[in-house]
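Q: I am sharing entry_30.txt, which consists of compact mmCIF, C-alpha atoms and all ligand atoms:
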```
# COMPACT_ATOMS: atom_id res chain seq x y z
CA MET A 1 79.12 -39.93 301.18
CA THR A 2 79.22 -36.94 303.53
CA ARG A 3 75.97 -35.98 305.14
CA ILE A 4 74.23 -32.76 304.14
CA ARG A 5 74.47 -30.12 306.87
CA ILE A 6 70.91 -28.89 307.25
CA GLY A 7 69.06 -26.31 309.35
CA VAL A 8 65.35 -25.75 309.99
CA ILE A 9 63.70 -22.32 310.30
CA GLY A 10 60.42 -22.53 312.22
CA ALA A 11 59.76 -25.49 314.52
CA GLY A 12 55.96 -25.34 314.59
CA LEU A 13 53.53 -27.96 313.35
CA ILE A 14 55.24 -28.82 310.07
CA GLY A 15 58.77 -27.85 311.20
CA ARG A 16 58.55 -30.49 313.97
CA LYS A 17 57.41 -33.05 311.40
CA HIS A 18 60.46 -32.26 309.24
CA LEU A 19 62.68 -32.55 312.33
CA ARG A 20 61.28 -36.03 313.07
CA LYS A 21 61.90 -37.16 309.49
CA LEU A 22 65.42 -35.67 309.47
CA ALA A 23 66.29 -37.48 312.70
CA GLU A 24 65.64 -40.81 310.95
CA HIS A 25 67.36 -39.86 307.67
CA SER A 26 70.94 -41.03 307.27
CA ASN A 27 71.88 -38.47 304.60
CA TYR A 28 71.31 -35.35 306.71
CA GLU A 29 73.03 -33.87 309.74
CA LEU A 30 70.90 -31.34 311.62
CA VAL A 31 73.20 -28.41 312.49
CA GLY A 32 70.63 -26.09 314.04
CA ILE A 33 67.07 -24.84 314.38
CA ALA A 34 65.83 -21.23 314.39
CA ASP A 35 62.59 -20.28 316.08
CA VAL A 36 61.44 -17.12 317.87
CA ASN A 37 60.26 -19.43 320.66
CA ALA A 38 63.83 -20.65 321.12
CA LYS A 39 63.45 -21.69 324.77
CA GLN A 40 60.43 -23.87 324.15
CA VAL A 41 61.99 -25.42 321.05
CA ALA A 42 65.26 -26.11 322.90
CA ALA A 43 63.28 -27.94 325.59
CA GLU A 44 61.48 -30.03 322.94
CA GLN A 45 64.64 -30.79 320.93
CA PRO A 46 67.32 -31.86 323.39
CA GLY A 47 70.84 -31.78 321.95
CA ALA A 48 69.96 -29.43 319.07
CA ARG A 49 71.50 -25.96 318.65
CA VAL A 50 68.56 -23.57 318.74
CA PHE A 51 68.77 -19.93 317.65
CA GLU A 52 66.20 -17.22 318.27
CA ASP A 53 67.39 -15.24 315.22
CA TYR A 54 67.38 -17.26 312.00
CA ARG A 55 70.33 -15.24 310.63
CA LYS A 56 72.50 -16.62 313.43
CA LEU A 57 71.57 -20.14 312.37
CA LEU A 58 72.74 -19.30 308.84
CA ASP A 59 75.95 -17.52 309.87
CA GLU A 60 77.06 -19.52 312.90
CA ALA A 61 75.90 -23.08 312.17
CA ARG A 62 76.66 -22.59 308.43
CA PRO A 63 74.21 -25.12 306.96
CA GLU A 64 74.53 -26.23 303.36
CA ALA A 65 70.73 -26.43 303.09
CA VAL A 66 67.75 -25.14 305.07
CA ILE A 67 64.10 -26.15 305.43
CA ILE A 68 61.97 -23.01 305.70
CA ALA A 69 58.90 -23.85 307.79
CA SER A 70 58.12 -20.39 309.16
CA PRO A 71 54.80 -18.52 308.68
CA ASN A 72 54.02 -17.67 305.04
CA GLN A 73 54.82 -13.97 305.44
CA LEU A 74 58.46 -14.82 306.32
CA HIS A 75 59.17 -17.28 303.50
CA ALA A 76 60.53 -14.67 301.08
CA GLU A 77 62.73 -12.96 303.67
CA ASN A 78 64.09 -16.31 304.93
CA GLY A 79 64.61 -17.63 301.42
CA ILE A 80 66.40 -14.49 300.21
CA ALA A 81 68.72 -14.60 303.25
CA CYS A 82 69.60 -18.22 302.39
CA ALA A 83 70.13 -17.42 298.69
CA ARG A 84 72.49 -14.56 299.53
CA ARG A 85 74.60 -17.01 301.55
CA GLY A 86 74.53 -19.74 298.89
CA ILE A 87 72.33 -22.06 301.00
CA HIS A 88 69.91 -24.43 299.18
CA ILE A 89 66.27 -24.24 300.28
CA LEU A 90 63.33 -26.59 300.78
CA ILE A 91 60.64 -23.96 301.28
CA GLU A 92 57.19 -24.82 302.61
CA LYS A 93 54.07 -24.03 300.62
CA PRO A 94 52.87 -21.47 299.69
CA VAL A 95 56.25 -20.45 298.30
CA THR A 96 55.61 -16.91 299.61
CA ASP A 97 52.55 -14.86 300.57
CA THR A 98 52.21 -12.61 297.47
CA LEU A 99 53.22 -12.65 293.80
CA GLN A 100 55.55 -9.70 294.39
CA THR A 101 57.49 -11.46 297.15
CA SER A 102 57.59 -14.60 294.97
CA ALA A 103 59.14 -12.58 292.15
CA ASP A 104 61.70 -11.10 294.59
CA LEU A 105 62.63 -14.57 295.85
CA ILE A 106 62.85 -16.04 292.33
CA ALA A 107 65.25 -13.27 291.30
CA GLU A 108 67.54 -13.90 294.28
CA VAL A 109 67.50 -17.68 293.87
CA ARG A 110 68.45 -17.31 290.20
CA LYS A 111 71.18 -14.77 290.97
CA ALA A 112 72.70 -17.02 293.64
CA GLY A 113 72.33 -20.22 291.61
CA ILE A 114 71.10 -22.17 294.66
CA LYS A 115 68.81 -25.19 294.39
CA SER A 116 65.19 -24.75 295.49
CA LEU A 117 62.34 -27.16 296.18
CA VAL A 118 58.84 -26.09 297.27
CA GLY A 119 57.23 -28.27 299.95
CA HIS A 120 54.11 -29.34 298.04
CA HIS A 121 54.75 -32.81 299.44
CA ARG A 122 51.90 -34.46 297.52
CA ARG A 123 54.06 -34.49 294.40
CA HIS A 124 56.13 -37.19 296.12
CA HIS A 125 53.30 -39.70 296.67
CA GLU A 126 53.62 -42.86 294.55
CA GLN A 127 49.90 -42.64 293.73
CA VAL A 128 50.29 -39.07 292.43
CA LYS A 129 53.26 -40.05 290.27
CA ALA A 130 51.25 -43.03 288.98
CA LEU A 131 48.28 -40.84 288.01
CA LYS A 132 50.59 -38.42 286.21
CA ALA A 133 52.18 -41.31 284.31
CA LEU A 134 48.82 -42.94 283.41
CA VAL A 135 47.47 -39.63 282.08
CA ALA A 136 50.69 -38.93 280.16
CA GLN A 137 50.64 -42.46 278.64
CA GLY A 138 47.18 -41.73 277.24
CA ARG A 139 45.52 -44.50 279.25
CA ILE A 140 42.25 -42.50 279.26
CA GLY A 141 42.92 -40.70 275.98
CA ASP A 142 42.89 -36.91 275.79
CA VAL A 143 41.69 -35.46 279.08
CA VAL A 144 38.28 -33.84 278.71
CA GLY A 145 37.59 -32.78 282.29
CA VAL A 146 38.09 -33.16 286.01
CA SER A 147 35.51 -33.31 288.77
CA ALA A 148 36.93 -32.90 292.28
CA ILE A 149 35.82 -32.43 295.88
CA TRP A 150 37.59 -31.39 299.04
CA ALA A 151 35.00 -31.39 301.80
CA THR A 152 35.56 -31.90 305.50
CA HIS A 153 34.43 -30.32 308.78
CA LYS A 154 37.03 -28.37 310.74
CA PRO A 155 36.18 -28.35 314.46
CA ALA A 156 35.37 -25.11 316.35
CA GLU A 157 38.69 -25.44 318.20
CA TYR A 158 40.60 -24.91 314.93
CA PHE A 159 39.26 -21.35 314.76
CA LYS A 160 39.43 -20.66 318.51
CA ILE A 161 43.19 -21.32 318.79
CA ALA A 162 44.06 -19.16 315.74
CA PRO A 163 41.54 -16.34 315.21
CA TRP A 164 43.25 -15.29 311.91
CA ARG A 165 41.67 -18.40 310.38
CA SER A 166 38.22 -16.78 310.57
CA GLN A 167 39.43 -13.64 308.80
CA ALA A 168 40.00 -13.01 305.08
CA GLY A 169 42.87 -15.17 303.77
CA GLY A 170 42.47 -17.79 306.50
CA GLY A 171 39.89 -19.89 304.69
CA PRO A 172 39.97 -23.13 302.70
CA ILE A 173 40.79 -21.42 299.37
CA LEU A 174 44.20 -20.16 300.45
CA ILE A 175 44.98 -22.85 303.04
CA ASN A 176 43.68 -26.08 301.48
CA LEU A 177 42.89 -25.51 297.82
CA ILE A 178 46.50 -24.59 297.00
CA HIS A 179 47.47 -28.27 297.57
CA GLU A 180 44.78 -29.39 295.14
CA ILE A 181 45.72 -26.78 292.56
CA ASP A 182 49.34 -27.84 292.75
CA PHE A 183 48.31 -31.50 292.42
CA MET A 184 46.18 -30.80 289.33
CA ARG A 185 48.91 -28.68 287.70
CA PHE A 186 51.46 -31.44 288.36
CA ALA A 187 49.43 -34.54 287.44
CA ILE A 188 46.88 -33.30 284.90
CA GLY A 189 48.07 -30.11 283.23
CA GLU A 190 48.69 -26.37 283.48
CA ILE A 191 45.69 -24.25 284.47
CA VAL A 192 45.16 -21.19 282.25
CA ALA A 193 41.89 -19.61 283.47
CA VAL A 194 39.66 -19.72 286.56
CA SER A 195 36.21 -18.61 287.78
CA ALA A 196 34.77 -19.08 291.27
CA ILE A 197 32.00 -18.42 293.76
CA ALA A 198 32.31 -18.54 297.55
CA ALA A 199 29.97 -18.45 300.55
CA ASN A 200 30.23 -17.93 304.31
CA ARG A 201 26.61 -18.86 305.12
CA GLN A 202 27.36 -21.76 307.48
CA ARG A 203 29.74 -20.17 309.96
CA SER A 204 29.14 -16.48 309.16
CA PHE A 205 32.85 -15.71 309.54
CA ALA A 206 34.38 -12.98 307.35
CA VAL A 207 36.22 -15.71 305.45
CA GLU A 208 34.56 -18.26 303.12
CA ASP A 209 33.64 -21.71 304.45
CA THR A 210 32.57 -23.09 301.06
CA ALA A 211 33.57 -22.39 297.47
CA ALA A 212 33.14 -23.73 293.96
CA ALA A 213 35.76 -23.14 291.29
CA LEU A 214 35.88 -23.70 287.56
CA VAL A 215 39.30 -24.31 286.04
CA GLU A 216 40.38 -24.37 282.39
CA PHE A 217 43.46 -26.38 281.46
CA GLU A 218 45.97 -25.52 278.75
CA ASN A 219 44.95 -28.57 276.69
CA GLY A 220 41.30 -27.41 276.66
CA ALA A 221 40.06 -29.70 279.47
CA LEU A 222 37.63 -28.17 281.98
CA GLY A 223 37.39 -28.82 285.70
CA THR A 224 34.93 -28.26 288.54
CA PHE A 225 36.06 -28.14 292.14
CA PHE A 226 33.80 -28.11 295.21
CA LEU A 227 35.53 -27.08 298.44
CA SER A 228 34.17 -26.79 301.97
CA ASP A 229 35.57 -26.88 305.49
CA CYS A 230 32.13 -27.18 307.11
CA ALA A 231 30.74 -30.32 305.43
CA VAL A 232 31.28 -33.84 306.74
CA SER A 233 32.43 -36.14 303.92
CA PRO A 234 34.98 -38.88 303.15
CA TRP A 235 36.17 -36.92 300.08
CA THR A 236 39.43 -35.17 300.81
CA MET A 237 42.75 -36.32 299.43
CA GLU A 238 44.06 -36.51 303.00
CA GLN A 239 41.40 -39.11 303.90
CA GLY A 240 41.57 -40.86 300.55
CA LEU A 241 45.32 -41.39 300.78
CA GLY A 242 45.47 -41.74 304.57
CA GLU A 243 48.58 -39.59 304.39
CA SER A 244 48.71 -38.75 308.07
CA PRO A 245 47.11 -40.14 311.23
CA GLU A 246 45.27 -36.89 312.05
CA PHE A 247 43.02 -37.48 309.00
CA PRO A 248 41.52 -40.96 309.34
CA TYR A 249 41.62 -43.10 306.22
CA SER A 250 38.50 -43.31 304.06
CA GLY A 251 40.06 -44.83 300.93
CA GLN A 252 37.54 -42.85 298.88
CA SER A 253 38.42 -41.15 295.63
CA SER A 254 37.85 -37.40 295.56
CA TYR A 255 38.89 -36.92 291.91
CA ARG A 256 37.52 -38.19 288.61
CA VAL A 257 39.71 -37.45 285.62
CA MET A 258 37.70 -38.08 282.46
CA GLY A 259 39.12 -38.65 279.00
CA ARG A 260 38.01 -39.65 275.48
CA ARG A 261 38.78 -43.32 276.20
CA GLY A 262 37.96 -43.65 279.89
CA THR A 263 38.13 -42.26 283.40
CA LEU A 264 40.61 -42.49 286.25
CA GLU A 265 39.54 -42.09 289.85
CA PHE A 266 42.05 -40.75 292.35
CA PRO A 267 43.55 -41.80 294.69
CA SER A 268 42.14 -45.31 294.11
CA LEU A 269 43.51 -45.23 290.50
CA ASP A 270 40.48 -47.26 289.35
CA GLN A 271 40.24 -46.93 285.61
CA TRP A 272 36.84 -47.10 283.83
CA ILE A 273 36.98 -48.24 280.22
CA GLN A 274 34.79 -49.94 277.62
CA ALA A 275 35.75 -53.17 275.85
CA ASN A 276 37.58 -52.64 272.55
CA ASP A 277 37.86 -48.92 273.25
CA ALA A 278 34.21 -48.56 272.31
CA GLN A 279 33.61 -44.87 273.11
CA ASP A 280 29.90 -45.65 272.92
CA TRP A 281 27.36 -44.77 275.62
CA ASN A 282 25.30 -47.86 274.74
CA LYS A 283 28.17 -50.22 275.56
CA PRO A 284 28.94 -51.53 279.07
CA ILE A 285 31.77 -50.01 281.06
CA GLN A 286 33.98 -51.73 283.63
CA ALA A 287 36.63 -50.75 286.15
CA GLN A 288 40.15 -52.02 286.07
CA ALA A 289 42.54 -51.64 288.98
CA ASN A 290 45.92 -49.90 288.90
CA HIS A 291 48.28 -50.26 291.79
CA ALA A 292 50.83 -47.84 293.18
CA GLY A 293 52.74 -48.32 296.40
CA SER A 294 52.27 -46.07 299.39
CA ILE A 295 55.24 -44.24 300.90
CA ASP A 296 55.82 -41.38 303.34
CA PRO A 297 55.84 -38.32 301.05
CA TYR A 298 57.82 -36.22 303.53
CA VAL A 299 60.66 -38.77 303.54
CA ALA A 300 60.49 -39.06 299.74
CA GLN A 301 60.66 -35.24 299.59
CA LEU A 302 63.85 -35.31 301.69
CA ASP A 303 65.31 -38.02 299.42
CA HIS A 304 64.55 -35.86 296.39
CA PHE A 305 65.98 -32.70 298.01
CA ARG A 306 69.20 -34.66 298.73
CA ASP A 307 69.42 -35.71 295.07
CA VAL A 308 68.75 -32.15 293.88
CA ILE A 309 71.50 -30.78 296.16
CA ARG A 310 73.92 -33.46 294.95
CA GLY A 311 73.12 -32.60 291.35
CA VAL A 312 71.72 -36.01 290.40
CA ALA A 313 68.09 -34.88 290.08
CA THR A 314 66.28 -31.82 288.76
CA SER A 315 64.00 -30.16 291.31
CA LEU A 316 60.41 -31.39 290.95
CA GLN A 317 59.32 -27.92 291.98
CA PRO A 318 61.69 -24.95 291.96
CA VAL A 319 60.43 -21.63 293.39
CA GLU A 320 59.28 -20.49 289.91
CA ASP A 321 56.80 -23.37 289.76
CA GLY A 322 55.64 -22.88 293.36
CA ALA A 323 54.79 -19.29 292.42
CA ARG A 324 52.52 -20.54 289.63
CA SER A 325 50.47 -22.60 292.10
CA LEU A 326 50.21 -19.53 294.31
CA LEU A 327 49.17 -17.43 291.31
CA VAL A 328 46.30 -19.80 290.40
CA THR A 329 45.08 -19.99 294.01
CA LEU A 330 45.16 -16.21 294.51
CA ALA A 331 43.26 -15.82 291.23
CA ILE A 332 40.52 -18.19 292.45
CA ALA A 333 40.16 -16.09 295.62
CA GLU A 334 40.00 -12.95 293.47
CA ALA A 335 37.48 -14.50 291.06
CA ALA A 336 35.24 -15.48 293.99
CA THR A 337 35.21 -11.84 295.12
CA SER A 338 34.90 -10.17 291.73
CA GLY A 339 32.66 -12.74 290.03
CA ARG A 340 34.89 -12.46 286.93
CA ARG A 341 36.60 -15.20 284.91
CA ILE A 342 40.36 -14.64 285.09
CA ASP A 343 42.74 -15.58 282.28
CA LEU A 344 46.09 -16.43 283.83
CA ARG A 345 48.38 -16.42 280.79
CA GLU A 346 49.44 -12.78 281.03
CA ARG A 347 49.96 -13.17 284.77
CA TYR A 348 52.28 -16.16 284.27
CA ALA A 349 54.24 -14.14 281.72
CA ALA A 350 54.50 -11.15 284.10
CA LEU A 351 55.73 -13.45 286.89
CA SER A 352 58.52 -14.94 284.81
CA THR A 353 59.75 -11.60 283.46
CA SER A 354 59.53 -9.46 286.63
N1 LIG B 401 53.37 -29.25 303.48
C1 LIG B 401 52.58 -29.42 304.52
O1 LIG B 401 52.08 -30.52 304.75
C2 LIG B 401 52.30 -28.28 305.45
C3 LIG B 401 51.52 -28.51 306.58
C4 LIG B 401 51.32 -27.45 307.48
C5 LIG B 401 51.89 -26.21 307.23
N2 LIG B 401 52.64 -26.01 306.11
C6 LIG B 401 53.27 -24.70 305.83
O2 LIG B 401 54.38 -24.58 306.74
C7 LIG B 401 54.48 -23.24 307.22
C8 LIG B 401 54.38 -23.26 308.74
O3 LIG B 401 53.12 -23.73 309.11
P1 LIG B 401 52.83 -24.36 310.55
O4 LIG B 401 51.45 -24.89 310.50
O5 LIG B 401 53.95 -25.25 310.95
O6 LIG B 401 52.84 -23.04 311.44
P2 LIG B 401 53.18 -22.91 313.00
O7 LIG B 401 52.63 -21.60 313.41
O8 LIG B 401 52.79 -24.15 313.72
O9 LIG B 401 54.79 -22.84 313.00
C9 LIG B 401 55.55 -21.73 312.59
C10 LIG B 401 56.78 -21.66 313.47
O10 LIG B 401 57.60 -20.57 313.03
C11 LIG B 401 58.07 -19.88 314.16
N3 LIG B 401 58.43 -18.50 313.81
C12 LIG B 401 57.63 -17.41 313.73
N4 LIG B 401 58.35 -16.33 313.39
C13 LIG B 401 59.62 -16.75 313.23
C14 LIG B 401 60.82 -16.09 312.88
N5 LIG B 401 60.88 -14.78 312.64
N6 LIG B 401 61.96 -16.82 312.83
C15 LIG B 401 61.96 -18.16 313.13
N7 LIG B 401 60.82 -18.83 313.44
C16 LIG B 401 59.68 -18.13 313.50
C17 LIG B 401 56.94 -19.97 315.17
O11 LIG B 401 57.41 -19.75 316.51
C18 LIG B 401 56.45 -21.40 314.95
O12 LIG B 401 57.13 -22.32 315.77
C19 LIG B 401 53.39 -22.46 306.54
O13 LIG B 401 53.93 -21.85 305.40
C20 LIG B 401 52.37 -23.52 306.13
O14 LIG B 401 51.61 -23.16 305.00
C21 LIG B 401 52.87 -27.03 305.23
```
So that I can check it, write out the structure of this file as structure tokens.
Ligand SMILES: NC(=O)c1ccc[n+]([C@@H]2O[C@H](COP(=O)([O-])OP(=O)(O)OC[C@H]3O[C@@H](n4cnc5c(N)ncnc54)[C@H](O)[C@@H]3O)[C@@H](O)[C@H]2O)c1

A:
Amino acid sequence: MTRIRIGVIGAGLIGRKHLRKLAEHSNYELVGIADVNAKQVAAEQPGARVFEDYRKLLDEARPEAVIIASPNQLHAENGIACARRGIHILIEKPVTDTLQTSADLIAEVRKAGIKSLVGHHRRHHEQVKALKALVAQGRIGDVVGVSAIWATHKPAEYFKIAPWRSQAGGGPILINLIHEIDFMRFAIGEIVAVSAIAANRQRSFAVEDTAAALVEFENGALGTFFLSDCAVSPWTMEQGLGESPEFPYSGQSSYRVMGRRGTLEFPSLDQWIQANDAQDWNKPIQAQANHAGSIDPYVAQLDHFRDVIRGVATSLQPVEDGARSLLVTLAIAEAATSGRRIDLRERYAALSTS
């Protein structure tokens, strides 16, 4: 089979990771990279065609597909330029920076009929797929609630090298929580309302360092989420899964998904149940193990993108769905500021009709 001619826009932290994975993938041929720091990127990527202007990559190298790994504010512009040229897109998360630009991108993608996949790579983990399947099979009965934590301590350097991270929008709600929201929507169920509180007491930056969110799922389940980037703990999904070497492995579960018949921890997938389905607080409870393999989610994401382009798979996350994860996350940030509970149903409807 012919290889897919692919380009990459933005060769920063995640763009370089995609380039490393592409170099080892036999189904793709890298035809060019676009980055405003073209000279530096050309030095780092010997043999690659590097363009300063991403439009030249699209028009001169003529890729069939592009990975968009530029800053959030450019995702919509880059994605629309690809759509207008009939180029399929794997677009990094968040799909765009605002709901309006998401709606603009969705309209262009639909008009052009291109394939789209949002880079919420966690959807491609075997453990995530296993949790989704176990919940869907009713292994813990109807889901009643979720209790989740994402707590870690970002070093001072993280803020020094990128001062925007200490300003509004640069905090853990918009940067980190969006992954968790997308994971919960994918594996557990659609989120229909949110409430939140946030604090900046520890670092005293303009942006929050800690937040607590309440989420309501479509099936009536409730969830609590504690989030902090200034607390040392083993409870982040990154550490629990050991998904990349920069976050040392803890193996600890940061999620408990509780149902009428039992509970699943994640990512360990330990399942707590009572003998004979007792549903009785006076009866003993025991854990049973579930196993799922561990794979590189970024490679699995490229495999899936290949299958979507070739028409043998349906995108696990087209731009429309990426916009819903953005919508929930933005609503949590808004709820933390306003102190109000926000019902998302009308907002979802407005997004799909605009
Ligand atoms: N899925 C993941 O695991 C993951 C991880 C990190 C970042 N991201 C997402 O990827 C995107 C990039 O994040 P990052 O951390 O790699 O950022 P980064 O700042 O390290 O990289 C962005 C790159 O885009 C380039 N760039 C800027 N303007 C450009 C333009 N007009 N045309 C072409 N290139 C341009 C920059 O020079 C830089 O090399 C963000 O949307 C981020 O949310 C995803």

Q: I'd like to know which of A:Thr96, A:Ser338, A:Gln301, A:Thr210 is closest to His18 in chain A, using all atoms listed in the file.

A: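 Closest residue, counting all atoms listed in the file: A:Gln301.
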
Q: For ligand LIG 401 (chain B), collect every residue having any atom at a distance of at most 8 Å from a ligand atom (counting all atoms listed in the file); output as JSON, numbers by chain.

A: {"A": [9, 10, 11, 12, 13, 14, 15, 16, 34, 35, 36, 37, 38, 41, 52, 53, 54, 68, 69, 70, 71, 72, 73, 74, 75, 92, 93, 94, 95, 96, 119, 120, 121, 175]}

Q: I'd like to know which of A:Pro63, A:Gly311, A:Pro155, A:Gly7 is closest to Val232 in chain A, using only C-alpha atoms.

A: A:Pro155

Q: Quick one: of A:Ala23, A:Val50, A:Leu269, A:Ala323, who's nearest to Ala292 in chain A, counting only C-alpha atoms?

A: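 Among the listed residues, the smallest separation from Ala292 in chain A belongs to A:Leu269.
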
Q: Which is closest to Val109 in chain A among A:Pro245, A:Gly322, A:Gly141, A:Gly79, if we use all atoms listed in the file?

A: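 Among the listed residues, the smallest separation from Val109 in chain A belongs to A:Gly79.
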
Q: May I ask which of the residues A:Leu90, A:Leu174, A:Leu241, A:Leu264 is the closest one to Ala211 in chain A, counting only C-alpha atoms?

A: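 Smallest separation from Ala211 in chain A among the options: A:Leu174.
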